[in-house]
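S.K.: Structure below; questions to follow.
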Amino acid sequence: MIAMHDSGLGGLSIWRAVRAALPRWPITYLADQAYCPYGPRSRQEIIDRSLAIGHYLMSQGATILVVACNTATTAAITALRRELPIPIVGVEPAIKPAAAASRTRRIAVLATQATLASERVQTLLDTHANGVEVLRRPGHGWVEQVEAGELDSPLTRQVVAEVVSPLLAQNIDHIALGCTHYPFLAPLIRELTGDAIALYDPAEAIARRVVSQLKQHASDSQADHCYRFITTADDAGPMARMLPILIGRHDAVESHPLETP
Ligand code: DGL
């Protein structure tokens with residue numbers, strides 16, 4: 001079974017791409033909504049949550065783990081790889097391809113505060129920015145709007161414009177979406193940027209990596225393409241109401257409150 005997790009519903013942008021690439025594989029998606037958002041949390045707290053979730057998903061039969069969250073990947077992927085004996089695929093801001101493709105030599109990376117402040121992003125900048133100027137901006141309020149399923153409300157338009165409009169005068173030609181919630185706001189971002197600025201959503205690249213990992217570690221059955229959706233919130237209702245809005249599905253959602261040891 002392919003297991004995926006995020007602080008909340010953002011990782012469903014990765015779920016869509018993984019499911020499209022591997023339509024016959026069982027996938028279990030866990031949203032840590034009791035602790036969402038991760039962005040303002042400490043690195044240690046994100047590591048503790050990610051390990052607890054990783055162990056739980058293994059107990060449910062995970063044979064590969066997709067950390068469908070940039071914030072959890074940048075904070076916890078090393079700890080996860082040390083503790084869990086299964087392949088782990090993470091997601092991190094696409095600084096390398098965006099910088100490599102930039103003609104104006106200026107790009108922007110949108111991500112949570114925790115991701116932007118992480119050592120991993122600093123390393124990506126040091127290694128791959130190659131003299132390209134990288135403007136780093138947190139999407140204040142964006143995660144909350146996606147969690148609420150408000151993909152096109154006046155408040156969502158306002159919080160998106162507050163971040164994107166000032167970038168329009170900055171001569172950037174690429175924006176890397178470094179938080180898995182943000183692709184759900186791509187239509188609003190595109191309304192502001194037009195075609196002049198390319199958006200990088202890493203979902204398809206992650207799906208390709210999952211496919212190649214499964215080929216290398218073929219140890220699962222493709223027969224049963226059942227999908228499970230789990231939230232750590234006490235009430236599964238809000239997530240169940242969001243699935244049709246975000247991925248067009250009406251599956252049941254299980255509540256599994258998960259204590260951090
Ligand atoms: N979706 C997440 C990410 O990719 C985290 C959002 C949050 O919980 O702050 O970074």
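Ligands are numbered from 1 in the order shown, residues from 1 within each chain, and chains are lettered A, B, ... in the order they appear in the structure tokens.
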Excluding range 241-249 of chain A and its own-chain neighbours fewer than 4 positions away, which residues fall within 7 Å of it when counting only C-alpha atoms? Please give them as number ranges by chain.

M.R.: A: 16, 149, 237

S.K.: Can you tell me which residues come within 9 Å of ligand 1 when counting only C-alpha atoms and all ligand atoms, ideally as a ChimeraX atom specification?

M.R.: /A:6-11,32-33,35-41,67-74,91-93,111-115,142-144,177-182

S.K.: Find the spatial neighbours of range 226-230 of chain A, counting only C-alpha atoms, within a cut-off of 8 Å - ignore same-chain residues fewer than 3 positions away - and output them as a list in words.

M.R.: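 Here the qualifying residues turn out to be Trp25, Pro26, Ile27, Thr28, Tyr29, Leu30, Ala31, Ala236, Asp251, Ala252, Val253, Glu254, Ser255 and His256 of chain A.
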
S.K.: Filtering to N, CA and C atoms, could you give me those residues as a short mmCIF file (atom, residue, chain, number, x, y, z; two decimals), in the first residue's frame?

M.R.:
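Resulting contents of part.cif:
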data_model
loop_
_atom_site.label_atom_id
_atom_site.label_comp_id
_atom_site.auth_asym_id
_atom_site.auth_seq_id
_atom_site.Cartn_x
_atom_site.Cartn_y
_atom_site.Cartn_z
N TRP A 25 -3.17 0.91 -7.67
CA TRP A 25 -2.51 0.69 -6.38
C TRP A 25 -3.36 1.22 -5.23
N PRO A 26 -3.37 0.47 -4.11
CA PRO A 26 -4.06 0.98 -2.92
C PRO A 26 -3.29 2.17 -2.32
N ILE A 27 -4.02 3.19 -1.92
CA ILE A 27 -3.38 4.37 -1.32
C ILE A 27 -4.11 4.73 -0.03
N THR A 28 -3.34 4.94 1.02
CA THR A 28 -3.91 5.45 2.27
C THR A 28 -3.36 6.85 2.50
N TYR A 29 -4.25 7.81 2.66
CA TYR A 29 -3.85 9.22 2.84
C TYR A 29 -4.21 9.64 4.25
N LEU A 30 -3.22 10.17 4.99
CA LEU A 30 -3.50 10.65 6.34
C LEU A 30 -3.27 12.16 6.41
N ALA A 31 -4.29 12.87 6.89
CA ALA A 31 -4.19 14.32 7.10
C ALA A 31 -4.07 14.58 8.59
N ALA A 236 -14.39 13.61 11.56
CA ALA A 236 -13.99 13.35 10.17
C ALA A 236 -14.86 14.12 9.17
N ASP A 251 -15.44 9.69 -0.84
CA ASP A 251 -15.10 8.55 0.02
C ASP A 251 -15.40 8.86 1.49
N ALA A 252 -15.55 7.77 2.27
CA ALA A 252 -15.67 7.93 3.73
C ALA A 252 -14.31 8.34 4.30
N VAL A 253 -14.34 9.08 5.38
CA VAL A 253 -13.10 9.49 6.05
C VAL A 253 -13.13 8.91 7.46
N GLU A 254 -12.00 8.31 7.87
CA GLU A 254 -11.90 7.76 9.23
C GLU A 254 -11.21 8.77 10.13
N SER A 255 -11.65 8.82 11.39
CA SER A 255 -10.96 9.67 12.36
C SER A 255 -10.04 8.77 13.18
N HIS A 256 -8.76 9.15 13.25
CA HIS A 256 -7.82 8.40 14.07
C HIS A 256 -6.93 9.39 14.83
#

S.K.: Can you list, as a VMD selection string, all residues belonging to range 48-165 of chain A that DSSP tags as alpha helix (DSSP H)?

M.R.: chain A and resid 48 to 59 70 to 83 95 to 101 113 to 116 119 to 128 142 to 147 154 to 164

S.K.: Output as JSON lines one row per residue of range 9-30 of chain A within 10 Å of range 193-211 of chain A: the closest atom pair and its distance in Å to one decimal place, counting only C-alpha atoms, sorted by chain and residue number ascending.

M.R.:
{"residue": "A:Gly11", "atom": "CA", "partner": "A:Ala203", "partner_atom": "CA", "distance": 9.1}
{"residue": "A:Leu12", "atom": "CA", "partner": "A:Ala203", "partner_atom": "CA", "distance": 9.6}
{"residue": "A:Ser13", "atom": "CA", "partner": "A:Ala203", "partner_atom": "CA", "distance": 6.6}
{"residue": "A:Ile14", "atom": "CA", "partner": "A:Ala203", "partner_atom": "CA", "distance": 4.8}
{"residue": "A:Trp15", "atom": "CA", "partner": "A:Ala203", "partner_atom": "CA", "distance": 8.2}
{"residue": "A:Arg16", "atom": "CA", "partner": "A:Ala203", "partner_atom": "CA", "distance": 8.2}
{"residue": "A:Ala17", "atom": "CA", "partner": "A:Glu204", "partner_atom": "CA", "distance": 5.6}
{"residue": "A:Val18", "atom": "CA", "partner": "A:Ala207", "partner_atom": "CA", "distance": 4.6}
{"residue": "A:Arg19", "atom": "CA", "partner": "A:Ala207", "partner_atom": "CA", "distance": 8.2}
{"residue": "A:Ala20", "atom": "CA", "partner": "A:Ala207", "partner_atom": "CA", "distance": 8.4}
{"residue": "A:Ala21", "atom": "CA", "partner": "A:Ala207", "partner_atom": "CA", "distance": 6.4}
{"residue": "A:Leu22", "atom": "CA", "partner": "A:Val211", "partner_atom": "CA", "distance": 7.3}

S.K.: Write the residues you've just listed into a file as an mmCIF file, in the first residue's frame, and include C-alpha atoms for each of them.

M.R.:
data_model
loop_
_atom_site.group_PDB
_atom_site.id
_atom_site.type_symbol
_atom_site.label_atom_id
_atom_site.label_comp_id
_atom_site.auth_asym_id
_atom_site.auth_seq_id
_atom_site.Cartn_x
_atom_site.Cartn_y
_atom_site.Cartn_z
ATOM 1 C CA GLY A 11 -1.097 16.575 0.027
ATOM 2 C CA LEU A 12 -4.205 15.664 -1.943
ATOM 3 C CA SER A 13 -2.576 17.630 -4.780
ATOM 4 C CA ILE A 14 0.094 14.897 -4.723
ATOM 5 C CA TRP A 15 -2.540 12.159 -4.187
ATOM 6 C CA ARG A 16 -4.224 13.169 -7.471
ATOM 7 C CA ALA A 17 -0.998 12.789 -9.427
ATOM 8 C CA VAL A 18 0.042 9.518 -7.734
ATOM 9 C CA ARG A 19 -3.376 8.005 -8.330
ATOM 10 C CA ALA A 20 -3.315 9.082 -11.992
ATOM 11 C CA ALA A 21 0.116 7.494 -12.441
ATOM 12 C CA LEU A 22 -0.757 4.305 -10.497
#

S.K.: If you run DSSP on the backbone, which residues of range 32-206 of chain A are strand (DSSP E), as number ranges by chain?

M.R.: A: 64-67, 88-89, 106-111, 133-138, 174-177, 198-200

S.K.: Work out how far apart CA of Val89 in chain A and CA of Ile77 in chain A are and give it in Å to one decimal.

M.R.: 8.5 Å

S.K.: Just give me the gap between CA of Gln170 in chain A and CA of Asp126 in chain A in Å, one decimal is fine.

M.R.: 21.4 Å

S.K.: Measuring atom to atom with only C-alpha atoms, identify which of A:Val159, A:Ala240, A:Val121, A:Ile172 is nearest to Glu133 in chain A.

M.R.: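 Closest to Glu133 in chain A of all the choices is A:Ile172.
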
S.K.: Using only C-alpha atoms, determine which residues lie at most 12 Å from Arg157 in chain A, disregarding the query and same-chain residues fewer than 2 positions distant; provide the list as a PyMOL selection string.

M.R.: chain A and resi 141-142+145-146+150-155+159-165+185-192

S.K.: Counting only C-alpha atoms, which of A:Leu258, A:Ala169, A:Ala75, A:Leu214 gets nearest to Thr63 in chain A?

M.R.: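 Distance minimum relative to Thr63 in chain A lands on A:Leu214.
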